[in-house]
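Engineer: Below is the structure I would like to discuss, written out as structure tokens.
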Amino acid sequence: MAAYEMILTEVQGKVAIIRLNRPKALNALCDQLMEELGQALRGFDADPEIAAIVLTGSEKAFAAGADIKEMQSRTYPAVYLDDFIGKRWEAVTHVQKPVIAAVAGYALGGGCELAMMCDIILAAENAKFGQPEINLGVIPGAGGTQRLTRAIGKSKAMEMVLTARMMDATEAERANLVARVVPLDQLLPEALKLGEKLATLSAPAVAVAKEAVNRAYETTLAEGVKFERRAFQALFATEDQKEGMAAFAEKRPAQFRNR
Ligand code: CAA
């Protein structure tokens, strides 16, 4: 496994865990960290032994945003030519397997945006979400104005992006930003449980389901429904569809073989 300096990786059963690990900077997302994260995500996505990926941080911070000190002196030509933030940050959106963000503490700026790029967000009771970029004289640059608005609606997103107000976990759940809130000591166990559940299912069906839900963000209802129908029909070409339906009829657990 590659040697990383700013993330820790671990595998439990069929679930990979990637932990952002820059505690002194509250996991500020510098270029090196994002390069390492991209590499780890691509590696686990390509590994047939892995069914799901959990992305987490520390108890104090999932991530406090892009690294402000690293960005501070950058110029427009430099950020433009480097396509800052796109290139390094989009790795998680290209992962085919489900990615679960397990968020404790601060998920601010790029931290909130990174969590929103994941498929499911589980939040610990101490989680805090926010887009405070406006305080720095800029705006969210990794999808915050778009994904937050789609997740929680215009008025709340506008308030958060314009005033930097943070949301606590309770409000984030009420606003549909997160799937569930759990006690802090249950965050990783619950994320792993979710990953293990996904590992028992048909991998092609899970990947297609993820793609279909994501399509809802990119297209019209009519096109999305058509995409879903074709994807649903295509799954009848898998052995797992035969196995899943036979297992139901025979009143036994399905044994999916991911084909
Ligand atoms: N970048 C660089 N360093 C950061 C950082 C960041 N985003 N967030 C925290 N740190 C560093 C602090 O500078 C500090 O380092 P030193 O000990 O060397 O001074 C260390 O982490 C601990 O932070 P604090 O002392 O500030 O901790 P706190 O508990 O008092 O406050 C906090 C926590 C409220 C999260 C505060 O650190 C904070 O406001 N951080 C910045 C949040 C922010 O503005 N994020 C948006 C970044 S811009 C962005 O993300 C753009 C985008 O869209 C991608």
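By order of appearance in the structure tokens: chains A, B, ..., then residues from 1 within every chain, and ligands from 1 in the order shown.
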Excluding range 63-78 of chain A and any residue of its chain fewer than 4 positions from it, enumerate the residues within 12 Å of it, using only C-alpha atoms, and give them as a PDB file with N, CA, C and O atoms, in the first residue's frame.

Structural biologist:
```pdb
ATOM      1  N   ILE A   7      -2.952  11.229   5.167  1.00  0.00           N
ATOM      2  CA  ILE A   7      -4.152  10.416   5.375  1.00  0.00           C
ATOM      3  C   ILE A   7      -3.717   9.067   5.943  1.00  0.00           C
ATOM      4  O   ILE A   7      -2.552   8.675   5.789  1.00  0.00           O
ATOM      5  N   ARG A  19      -8.829   8.050   6.508  1.00  0.00           N
ATOM      6  CA  ARG A  19      -8.943   9.060   7.569  1.00  0.00           C
ATOM      7  C   ARG A  19      -8.049  10.249   7.222  1.00  0.00           C
ATOM      8  O   ARG A  19      -6.845  10.083   7.018  1.00  0.00           O
ATOM      9  N   LEU A  20      -8.650  11.424   7.124  1.00  0.00           N
ATOM     10  CA  LEU A  20      -7.864  12.643   6.905  1.00  0.00           C
ATOM     11  C   LEU A  20      -7.067  12.867   8.179  1.00  0.00           C
ATOM     12  O   LEU A  20      -7.628  12.834   9.283  1.00  0.00           O
ATOM     13  N   ASN A  21      -5.759  13.097   8.030  1.00  0.00           N
ATOM     14  CA  ASN A  21      -4.918  13.064   9.216  1.00  0.00           C
ATOM     15  C   ASN A  21      -3.872  14.176   9.210  1.00  0.00           C
ATOM     16  O   ASN A  21      -2.681  13.935   9.039  1.00  0.00           O
ATOM     17  N   ARG A  22      -4.387  15.401   9.381  1.00  0.00           N
ATOM     18  CA  ARG A  22      -3.497  16.570   9.528  1.00  0.00           C
ATOM     19  C   ARG A  22      -3.991  17.303  10.763  1.00  0.00           C
ATOM     20  O   ARG A  22      -4.517  18.418  10.676  1.00  0.00           O
ATOM     21  N   PRO A  23      -3.887  16.676  11.933  1.00  0.00           N
ATOM     22  CA  PRO A  23      -4.574  17.189  13.116  1.00  0.00           C
ATOM     23  C   PRO A  23      -4.183  18.616  13.484  1.00  0.00           C
ATOM     24  O   PRO A  23      -5.032  19.399  13.925  1.00  0.00           O
ATOM     25  N   LYS A  24      -2.915  18.970  13.267  1.00  0.00           N
ATOM     26  CA  LYS A  24      -2.471  20.313  13.695  1.00  0.00           C
ATOM     27  C   LYS A  24      -3.154  21.404  12.894  1.00  0.00           C
ATOM     28  O   LYS A  24      -3.246  22.547  13.347  1.00  0.00           O
ATOM     29  N   ALA A  25      -3.618  21.084  11.699  1.00  0.00           N
ATOM     30  CA  ALA A  25      -4.285  22.091  10.867  1.00  0.00           C
ATOM     31  C   ALA A  25      -5.771  21.758  10.710  1.00  0.00           C
ATOM     32  O   ALA A  25      -6.413  22.216   9.761  1.00  0.00           O
ATOM     33  N   LEU A  26      -6.307  20.999  11.649  1.00  0.00           N
ATOM     34  CA  LEU A  26      -7.730  20.593  11.598  1.00  0.00           C
ATOM     35  C   LEU A  26      -8.094  20.011  10.224  1.00  0.00           C
ATOM     36  O   LEU A  26      -9.154  20.278   9.678  1.00  0.00           O
ATOM     37  N   ASN A  27      -7.149  19.222   9.699  1.00  0.00           N
ATOM     38  CA  ASN A  27      -7.348  18.554   8.400  1.00  0.00           C
ATOM     39  C   ASN A  27      -7.596  19.518   7.246  1.00  0.00           C
ATOM     40  O   ASN A  27      -8.330  19.204   6.302  1.00  0.00           O
ATOM     41  N   ALA A  28      -6.988  20.697   7.336  1.00  0.00           N
ATOM     42  CA  ALA A  28      -7.086  21.628   6.204  1.00  0.00           C
ATOM     43  C   ALA A  28      -6.611  20.902   4.943  1.00  0.00           C
ATOM     44  O   ALA A  28      -5.613  20.184   4.950  1.00  0.00           O
ATOM     45  N   LEU A  29      -7.362  21.111   3.877  1.00  0.00           N
ATOM     46  CA  LEU A  29      -7.198  20.284   2.666  1.00  0.00           C
ATOM     47  C   LEU A  29      -6.187  20.923   1.722  1.00  0.00           C
ATOM     48  O   LEU A  29      -6.550  21.616   0.768  1.00  0.00           O
ATOM     49  N   CYS A  30      -4.914  20.702   2.003  1.00  0.00           N
ATOM     50  CA  CYS A  30      -3.848  21.250   1.152  1.00  0.00           C
ATOM     51  C   CYS A  30      -3.683  20.360  -0.089  1.00  0.00           C
ATOM     52  O   CYS A  30      -4.266  19.272  -0.172  1.00  0.00           O
ATOM     53  N   ASP A  31      -2.869  20.817  -1.030  1.00  0.00           N
ATOM     54  CA  ASP A  31      -2.696  20.073  -2.286  1.00  0.00           C
ATOM     55  C   ASP A  31      -2.213  18.646  -2.037  1.00  0.00           C
ATOM     56  O   ASP A  31      -2.713  17.702  -2.645  1.00  0.00           O
ATOM     57  N   GLN A  32      -1.227  18.513  -1.142  1.00  0.00           N
ATOM     58  CA  GLN A  32      -0.672  17.170  -0.920  1.00  0.00           C
ATOM     59  C   GLN A  32      -1.742  16.236  -0.365  1.00  0.00           C
ATOM     60  O   GLN A  32      -1.872  15.091  -0.801  1.00  0.00           O
ATOM     61  N   LEU A  33      -2.531  16.742   0.593  1.00  0.00           N
ATOM     62  CA  LEU A  33      -3.587  15.890   1.159  1.00  0.00           C
ATOM     63  C   LEU A  33      -4.572  15.465   0.070  1.00  0.00           C
ATOM     64  O   LEU A  33      -4.963  14.301  -0.014  1.00  0.00           O
ATOM     65  N   MET A  34      -4.943  16.418  -0.786  1.00  0.00           N
ATOM     66  CA  MET A  34      -5.917  16.082  -1.830  1.00  0.00           C
ATOM     67  C   MET A  34      -5.337  15.113  -2.859  1.00  0.00           C
ATOM     68  O   MET A  34      -6.055  14.255  -3.378  1.00  0.00           O
ATOM     69  N   LEU A  55     -15.019   7.745   4.421  1.00  0.00           N
ATOM     70  CA  LEU A  55     -14.093   8.874   4.501  1.00  0.00           C
ATOM     71  C   LEU A  55     -14.389   9.609   5.801  1.00  0.00           C
ATOM     72  O   LEU A  55     -15.534  10.026   6.037  1.00  0.00           O
ATOM     73  N   THR A  56     -13.368   9.756   6.636  1.00  0.00           N
ATOM     74  CA  THR A  56     -13.609  10.394   7.926  1.00  0.00           C
ATOM     75  C   THR A  56     -12.434  11.283   8.306  1.00  0.00           C
ATOM     76  O   THR A  56     -11.435  11.352   7.587  1.00  0.00           O
ATOM     77  N   GLY A  57     -12.580  11.999   9.423  1.00  0.00           N
ATOM     78  CA  GLY A  57     -11.501  12.865   9.908  1.00  0.00           C
ATOM     79  C   GLY A  57     -11.231  12.549  11.365  1.00  0.00           C
ATOM     80  O   GLY A  57     -11.210  11.382  11.756  1.00  0.00           O
ATOM     81  N   SER A  58     -11.069  13.590  12.162  1.00  0.00           N
ATOM     82  CA  SER A  58     -10.837  13.377  13.591  1.00  0.00           C
ATOM     83  C   SER A  58     -12.124  13.694  14.356  1.00  0.00           C
ATOM     84  O   SER A  58     -13.133  14.072  13.764  1.00  0.00           O
ATOM     85  N   GLU A  59     -12.069  13.574  15.669  1.00  0.00           N
ATOM     86  CA  GLU A  59     -13.259  13.927  16.459  1.00  0.00           C
ATOM     87  C   GLU A  59     -13.501  15.424  16.421  1.00  0.00           C
ATOM     88  O   GLU A  59     -14.615  15.895  16.534  1.00  0.00           O
ATOM     89  N   ASP A  82      -3.761  26.136 -12.930  1.00  0.00           N
ATOM     90  CA  ASP A  82      -3.738  24.895 -12.138  1.00  0.00           C
ATOM     91  C   ASP A  82      -5.155  24.298 -12.042  1.00  0.00           C
ATOM     92  O   ASP A  82      -5.358  23.237 -11.482  1.00  0.00           O
ATOM     93  N   ASP A  83      -6.129  25.005 -12.590  1.00  0.00           N
ATOM     94  CA  ASP A  83      -7.546  24.650 -12.445  1.00  0.00           C
ATOM     95  C   ASP A  83      -7.882  24.369 -10.980  1.00  0.00           C
ATOM     96  O   ASP A  83      -8.603  23.428 -10.652  1.00  0.00           O
ATOM     97  N   PHE A  84      -7.334  25.233 -10.107  1.00  0.00           N
ATOM     98  CA  PHE A  84      -7.597  25.101  -8.681  1.00  0.00           C
ATOM     99  C   PHE A  84      -9.086  25.375  -8.455  1.00  0.00           C
ATOM    100  O   PHE A  84      -9.611  26.356  -8.900  1.00  0.00           O
ATOM    101  N   ILE A  85      -9.835  24.566  -8.048  1.00  0.00           N
ATOM    102  CA  ILE A  85      -9.863  23.473  -7.150  1.00  0.00           C
ATOM    103  C   ILE A  85     -10.235  22.173  -7.849  1.00  0.00           C
ATOM    104  O   ILE A  85     -10.106  21.078  -7.298  1.00  0.00           O
ATOM    105  N   ARG A  88      -7.731  18.490  -8.520  1.00  0.00           N
ATOM    106  CA  ARG A  88      -7.381  17.627  -7.385  1.00  0.00           C
ATOM    107  C   ARG A  88      -8.588  17.210  -6.555  1.00  0.00           C
ATOM    108  O   ARG A  88      -8.533  16.254  -5.807  1.00  0.00           O
ATOM    109  N   TRP A  89      -9.651  17.949  -6.636  1.00  0.00           N
ATOM    110  CA  TRP A  89     -10.745  17.756  -5.688  1.00  0.00           C
ATOM    111  C   TRP A  89     -11.847  16.838  -6.167  1.00  0.00           C
ATOM    112  O   TRP A  89     -12.683  16.424  -5.380  1.00  0.00           O
ATOM    113  N   ALA A 101     -19.359   9.549   3.982  1.00  0.00           N
ATOM    114  CA  ALA A 101     -18.621  10.529   4.781  1.00  0.00           C
ATOM    115  C   ALA A 101     -19.076  10.374   6.222  1.00  0.00           C
ATOM    116  O   ALA A 101     -20.275  10.466   6.508  1.00  0.00           O
ATOM    117  N   ALA A 102     -18.137  10.129   7.115  1.00  0.00           N
ATOM    118  CA  ALA A 102     -18.445  10.046   8.544  1.00  0.00           C
ATOM    119  C   ALA A 102     -17.879  11.310   9.176  1.00  0.00           C
ATOM    120  O   ALA A 102     -16.671  11.438   9.360  1.00  0.00           O
ATOM    121  N   VAL A 103     -18.774  12.254   9.472  1.00  0.00           N
ATOM    122  CA  VAL A 103     -18.339  13.603   9.830  1.00  0.00           C
ATOM    123  C   VAL A 103     -18.499  13.863  11.321  1.00  0.00           C
ATOM    124  O   VAL A 103     -19.611  13.822  11.858  1.00  0.00           O
ATOM    125  N   ALA A 104     -17.377  14.158  11.983  1.00  0.00           N
ATOM    126  CA  ALA A 104     -17.407  14.657  13.362  1.00  0.00           C
ATOM    127  C   ALA A 104     -16.726  16.017  13.365  1.00  0.00           C
ATOM    128  O   ALA A 104     -15.826  16.265  12.566  1.00  0.00           O
ATOM    129  N   GLY A 105     -17.150  16.885  14.252  1.00  0.00           N
ATOM    130  CA  GLY A 105     -16.521  18.200  14.360  1.00  0.00           C
ATOM    131  C   GLY A 105     -16.776  19.057  13.131  1.00  0.00           C
ATOM    132  O   GLY A 105     -17.805  18.940  12.462  1.00  0.00           O
ATOM    133  N   TYR A 106     -15.772  19.896  12.837  1.00  0.00           N
ATOM    134  CA  TYR A 106     -15.957  20.878  11.773  1.00  0.00           C
ATOM    135  C   TYR A 106     -15.920  20.264  10.377  1.00  0.00           C
ATOM    136  O   TYR A 106     -15.019  19.509  10.052  1.00  0.00           O
ATOM    137  N   ALA A 107     -16.916  20.593   9.577  1.00  0.00           N
ATOM    138  CA  ALA A 107     -16.879  20.333   8.129  1.00  0.00           C
ATOM    139  C   ALA A 107     -17.167  21.695   7.502  1.00  0.00           C
ATOM    140  O   ALA A 107     -18.323  22.061   7.268  1.00  0.00           O
ATOM    141  N   LEU A 108     -16.098  22.454   7.298  1.00  0.00           N
ATOM    142  CA  LEU A 108     -16.251  23.838   6.863  1.00  0.00           C
ATOM    143  C   LEU A 108     -15.652  24.052   5.480  1.00  0.00           C
ATOM    144  O   LEU A 108     -14.641  23.424   5.135  1.00  0.00           O
ATOM    145  N   GLY A 109     -16.243  24.980   4.730  1.00  0.00           N
ATOM    146  CA  GLY A 109     -15.687  25.308   3.416  1.00  0.00           C
ATOM    147  C   GLY A 109     -15.493  24.049   2.588  1.00  0.00           C
ATOM    148  O   GLY A 109     -16.422  23.241   2.404  1.00  0.00           O
ATOM    149  N   GLY A 110     -14.263  23.833   2.139  1.00  0.00           N
ATOM    150  CA  GLY A 110     -13.958  22.639   1.351  1.00  0.00           C
ATOM    151  C   GLY A 110     -14.244  21.353   2.100  1.00  0.00           C
ATOM    152  O   GLY A 110     -14.487  20.320   1.474  1.00  0.00           O
ATOM    153  N   GLY A 111     -14.257  21.395   3.416  1.00  0.00           N
ATOM    154  CA  GLY A 111     -14.587  20.199   4.209  1.00  0.00           C
ATOM    155  C   GLY A 111     -16.050  19.822   4.036  1.00  0.00           C
ATOM    156  O   GLY A 111     -16.406  18.648   3.873  1.00  0.00           O
ATOM    157  N   CYS A 112     -16.903  20.831   4.070  1.00  0.00           N
ATOM    158  CA  CYS A 112     -18.340  20.605   3.843  1.00  0.00           C
ATOM    159  C   CYS A 112     -18.553  20.164   2.398  1.00  0.00           C
ATOM    160  O   CYS A 112     -19.335  19.237   2.107  1.00  0.00           O
ATOM    161  N   GLU A 113     -17.818  20.790   1.490  1.00  0.00           N
ATOM    162  CA  GLU A 113     -17.962  20.448   0.065  1.00  0.00           C
ATOM    163  C   GLU A 113     -17.497  19.025  -0.211  1.00  0.00           C
ATOM    164  O   GLU A 113     -18.115  18.291  -0.994  1.00  0.00           O
ATOM    165  N   LEU A 114     -16.416  18.624   0.449  1.00  0.00           N
ATOM    166  CA  LEU A 114     -15.919  17.258   0.268  1.00  0.00           C
ATOM    167  C   LEU A 114     -16.946  16.252   0.798  1.00  0.00           C
ATOM    168  O   LEU A 114     -17.233  15.241   0.154  1.00  0.00           O
ATOM    169  N   ALA A 115     -17.525  16.558   1.955  1.00  0.00           N
ATOM    170  CA  ALA A 115     -18.552  15.656   2.504  1.00  0.00           C
ATOM    171  C   ALA A 115     -19.728  15.551   1.535  1.00  0.00           C
ATOM    172  O   ALA A 115     -20.272  14.461   1.308  1.00  0.00           O
ATOM    173  N   ALA A 127     -21.022  17.422  15.049  1.00  0.00           N
ATOM    174  CA  ALA A 127     -20.664  17.921  13.710  1.00  0.00           C
ATOM    175  C   ALA A 127     -21.162  19.344  13.502  1.00  0.00           C
ATOM    176  O   ALA A 127     -22.231  19.733  13.991  1.00  0.00           O
ATOM    177  N   LYS A 128     -20.366  20.112  12.776  1.00  0.00           N
ATOM    178  CA  LYS A 128     -20.764  21.479  12.416  1.00  0.00           C
ATOM    179  C   LYS A 128     -20.444  21.695  10.942  1.00  0.00           C
ATOM    180  O   LYS A 128     -19.317  21.475  10.509  1.00  0.00           O
ATOM    181  N   PHE A 129     -21.440  22.117  10.206  1.00  0.00           N
ATOM    182  CA  PHE A 129     -21.282  22.313   8.768  1.00  0.00           C
ATOM    183  C   PHE A 129     -21.354  23.805   8.453  1.00  0.00           C
ATOM    184  O   PHE A 129     -22.200  24.521   9.019  1.00  0.00           O
ATOM    185  N   GLY A 130     -20.532  24.257   7.526  1.00  0.00           N
ATOM    186  CA  GLY A 130     -20.602  25.662   7.149  1.00  0.00           C
ATOM    187  C   GLY A 130     -19.802  25.963   5.911  1.00  0.00           C
ATOM    188  O   GLY A 130     -18.917  25.197   5.512  1.00  0.00           O
ATOM    189  N   GLN A 131     -20.150  27.087   5.285  1.00  0.00           N
ATOM    190  CA  GLN A 131     -19.400  27.583   4.116  1.00  0.00           C
ATOM    191  C   GLN A 131     -18.944  28.997   4.468  1.00  0.00           C
ATOM    192  O   GLN A 131     -19.564  29.990   4.039  1.00  0.00           O
ATOM    193  N   PRO A 132     -17.851  29.108   5.219  1.00  0.00           N
ATOM    194  CA  PRO A 132     -17.437  30.433   5.709  1.00  0.00           C
ATOM    195  C   PRO A 132     -16.522  31.206   4.762  1.00  0.00           C
ATOM    196  O   PRO A 132     -15.913  32.196   5.171  1.00  0.00           O
ATOM    197  N   GLU A 133     -16.416  30.782   3.491  1.00  0.00           N
ATOM    198  CA  GLU A 133     -15.471  31.417   2.573  1.00  0.00           C
ATOM    199  C   GLU A 133     -15.696  32.925   2.454  1.00  0.00           C
ATOM    200  O   GLU A 133     -14.759  33.682   2.194  1.00  0.00           O
ATOM    201  N   ASN A 135     -16.111  35.036   4.606  1.00  0.00           N
ATOM    202  CA  ASN A 135     -15.282  35.745   5.588  1.00  0.00           C
ATOM    203  C   ASN A 135     -13.865  35.984   5.089  1.00  0.00           C
ATOM    204  O   ASN A 135     -13.130  36.800   5.640  1.00  0.00           O
ATOM    205  N   LEU A 136     -13.475  35.220   4.058  1.00  0.00           N
ATOM    206  CA  LEU A 136     -12.111  35.340   3.516  1.00  0.00           C
ATOM    207  C   LEU A 136     -12.108  36.193   2.243  1.00  0.00           C
ATOM    208  O   LEU A 136     -11.092  36.311   1.568  1.00  0.00           O
ATOM    209  N   GLY A 137     -13.259  36.730   1.910  1.00  0.00           N
ATOM    210  CA  GLY A 137     -13.339  37.539   0.687  1.00  0.00           C
ATOM    211  C   GLY A 137     -13.470  36.708  -0.571  1.00  0.00           C
ATOM    212  O   GLY A 137     -13.203  37.190  -1.674  1.00  0.00           O
ATOM    213  N   VAL A 138     -13.848  35.452  -0.421  1.00  0.00           N
ATOM    214  CA  VAL A 138     -14.082  34.607  -1.603  1.00  0.00           C
ATOM    215  C   VAL A 138     -15.419  33.876  -1.440  1.00  0.00           C
ATOM    216  O   VAL A 138     -16.226  34.212  -0.554  1.00  0.00           O
ATOM    217  N   ILE A 139     -15.649  32.898  -2.291  1.00  0.00           N
ATOM    218  CA  ILE A 139     -16.871  32.097  -2.196  1.00  0.00           C
ATOM    219  C   ILE A 139     -16.470  30.619  -2.217  1.00  0.00           C
ATOM    220  O   ILE A 139     -15.322  30.292  -2.510  1.00  0.00           O
ATOM    221  N   PRO A 140     -17.386  29.705  -1.924  1.00  0.00           N
ATOM    222  CA  PRO A 140     -17.049  28.287  -2.023  1.00  0.00           C
ATOM    223  C   PRO A 140     -16.548  27.978  -3.434  1.00  0.00           C
ATOM    224  O   PRO A 140     -17.074  28.512  -4.416  1.00  0.00           O
ATOM    225  N   GLY A 141     -15.549  27.107  -3.520  1.00  0.00           N
ATOM    226  CA  GLY A 141     -14.952  26.840  -4.836  1.00  0.00           C
ATOM    227  C   GLY A 141     -14.943  25.372  -5.205  1.00  0.00           C
ATOM    228  O   GLY A 141     -14.405  25.000  -6.241  1.00  0.00           O
ATOM    229  N   ALA A 142     -15.542  24.546  -4.359  1.00  0.00           N
ATOM    230  CA  ALA A 142     -15.555  23.108  -4.663  1.00  0.00           C
ATOM    231  C   ALA A 142     -16.983  22.584  -4.680  1.00  0.00           C
ATOM    232  O   ALA A 142     -17.280  21.497  -4.194  1.00  0.00           O
ATOM    233  N   GLY A 144     -19.773  24.112  -3.345  1.00  0.00           N
ATOM    234  CA  GLY A 144     -20.636  24.457  -2.200  1.00  0.00           C
ATOM    235  C   GLY A 144     -21.899  25.214  -2.583  1.00  0.00           C
ATOM    236  O   GLY A 144     -22.978  24.902  -2.084  1.00  0.00           O
TER     237      GLY A 144
END
```

Engineer: For range 210-216 of chain A, list every protein, DNA or RNA residue within 10 Å, evaluated using only C-alpha atoms, and leave out those in the same chain fewer than 5 positions away; present the list as a ChimeraX atom specification.

Structural biologist: /A:93,96-99,119,204-205,221,223-225,227-229,231-232

Engineer: Select from range 7-206 of chain A everything DSSP, run on the backbone, classes as strand (DSSP E or B), then give the selection as a PyMOL selection string.

Structural biologist: chain A and resi 7-12+15-20+29+52-56+61-63+66+99-103+106-108+120-124+128-130+167-168+180-182

Engineer: Need the shell around Gln255 in chain A: protein/DNA/RNA residues with any atom at most 12 Å away, counting only C-alpha atoms. Skip same-chain ones fewer than 6 positions apart. Format as a list of chain:residue names?

Structural biologist: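 Everything that qualifies: A:Ala199, A:Thr200, A:Leu201, A:Ser202, A:Ala203, A:Glu239, A:Asp240, A:Gln241, A:Lys242, A:Glu243, A:Gly244, A:Met245, A:Ala246, A:Ala247, A:Phe248.
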
Engineer: Which residues are near Arg180 in chain A? Cut-off 7 Å, only C-alpha atoms, ignore same chain within fewer than 6 positions. Put them as a PyMOL selection string.

Structural biologist: chain A and resi 122-123+173

Engineer: Keeping only N, CA and C atoms, write the selected residues as a CSV table (one decimal), in the first residue's frame.

Structural biologist:
```csv
chain,number,residue,atom,x,y,z
A,122,LEU,N,-23.0,10.6,7.2
A,122,LEU,CA,-23.4,10.3,8.6
A,122,LEU,C,-22.7,11.4,9.5
A,123,ALA,N,-23.4,11.9,10.4
A,123,ALA,CA,-22.9,13.0,11.2
A,123,ALA,C,-22.8,12.6,12.7
A,173,GLU,N,-29.5,17.5,9.9
A,173,GLU,CA,-30.4,16.3,9.6
A,173,GLU,C,-31.8,16.8,9.2
```

Engineer: Hey, what's within 7 Å of range 190-196 of chain A if we count only C-alpha atoms and toss same-chain stuff fewer than 4 positions away? As a list in words, please?

Structural biologist: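 Residues near the query, excluding close chain neighbours: Lys14, Val15, Ala52, Val54, Ile100, Ala102, Gln186 and Thr200 of chain A.
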
Engineer: For those residues, write N, CA and C atoms to a file as an mmCIF file, in the first residue's frame.

Structural biologist:
```cif
data_model
loop_
_atom_site.group_PDB
_atom_site.id
_atom_site.type_symbol
_atom_site.label_atom_id
_atom_site.label_comp_id
_atom_site.auth_asym_id
_atom_site.auth_seq_id
_atom_site.Cartn_x
_atom_site.Cartn_y
_atom_site.Cartn_z
ATOM 1 N N LYS A 14 -14.608 -5.788 3.865
ATOM 2 C CA LYS A 14 -14.676 -5.281 2.490
ATOM 3 C C LYS A 14 -14.855 -3.755 2.461
ATOM 4 N N VAL A 15 -14.629 -3.145 3.636
ATOM 5 C CA VAL A 15 -14.804 -1.691 3.719
ATOM 6 C C VAL A 15 -13.450 -1.013 3.919
ATOM 7 N N ALA A 52 -17.051 -0.738 -0.316
ATOM 8 C CA ALA A 52 -17.474 0.618 0.043
ATOM 9 C C ALA A 52 -16.309 1.329 0.713
ATOM 10 N N VAL A 54 -15.264 4.447 3.452
ATOM 11 C CA VAL A 54 -15.660 5.415 4.480
ATOM 12 C C VAL A 54 -14.586 6.494 4.524
ATOM 13 N N ILE A 100 -18.993 6.827 1.901
ATOM 14 C CA ILE A 100 -19.732 7.324 3.065
ATOM 15 C C ILE A 100 -18.858 8.334 3.797
ATOM 16 N N ALA A 102 -18.137 10.129 7.115
ATOM 17 C CA ALA A 102 -18.445 10.046 8.544
ATOM 18 C C ALA A 102 -17.879 11.310 9.176
ATOM 19 N N GLN A 186 -20.235 6.355 18.191
ATOM 20 C CA GLN A 186 -20.871 5.397 17.280
ATOM 21 C C GLN A 186 -20.647 5.738 15.809
ATOM 22 N N THR A 200 -22.716 -6.765 1.309
ATOM 23 C CA THR A 200 -23.497 -7.997 1.147
ATOM 24 C C THR A 200 -24.366 -7.952 -0.113
#
```

Engineer: Just asking: which residues within range 22-213 of chain A are alpha helix (DSSP H) according to DSSP, as a VMD selection string?

Structural biologist: chain A and resid 31 to 46 68 to 71 76 to 81 86 to 89 110 to 117 144 to 152 154 to 163 169 to 174 187 to 199 203 to 213

Engineer: Which value, in Å to one decimal, gives the distance between CA of Pro183 in chain A and CA of Ala169 in chain A?

Structural biologist: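 Answer for the CA of Pro183 in chain A to CA of Ala169 in chain A separation: 10.5 Å.
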
Engineer: Rank A:Leu41, A:Ala254, A:Ala157, A:Ile53 by their smallest atom-to-atom distance to Leu198 in chain A, using only C-alpha atoms, and report the top residue only.

Structural biologist: A:Ile53

Engineer: Identify which of the residues A:Lys60, A:Ala16, A:Leu37, A:Ile50 lies closest to ligand 1, counting only C-alpha atoms and all ligand atoms when measuring atom-to-atom distances.

Structural biologist: A:Lys60
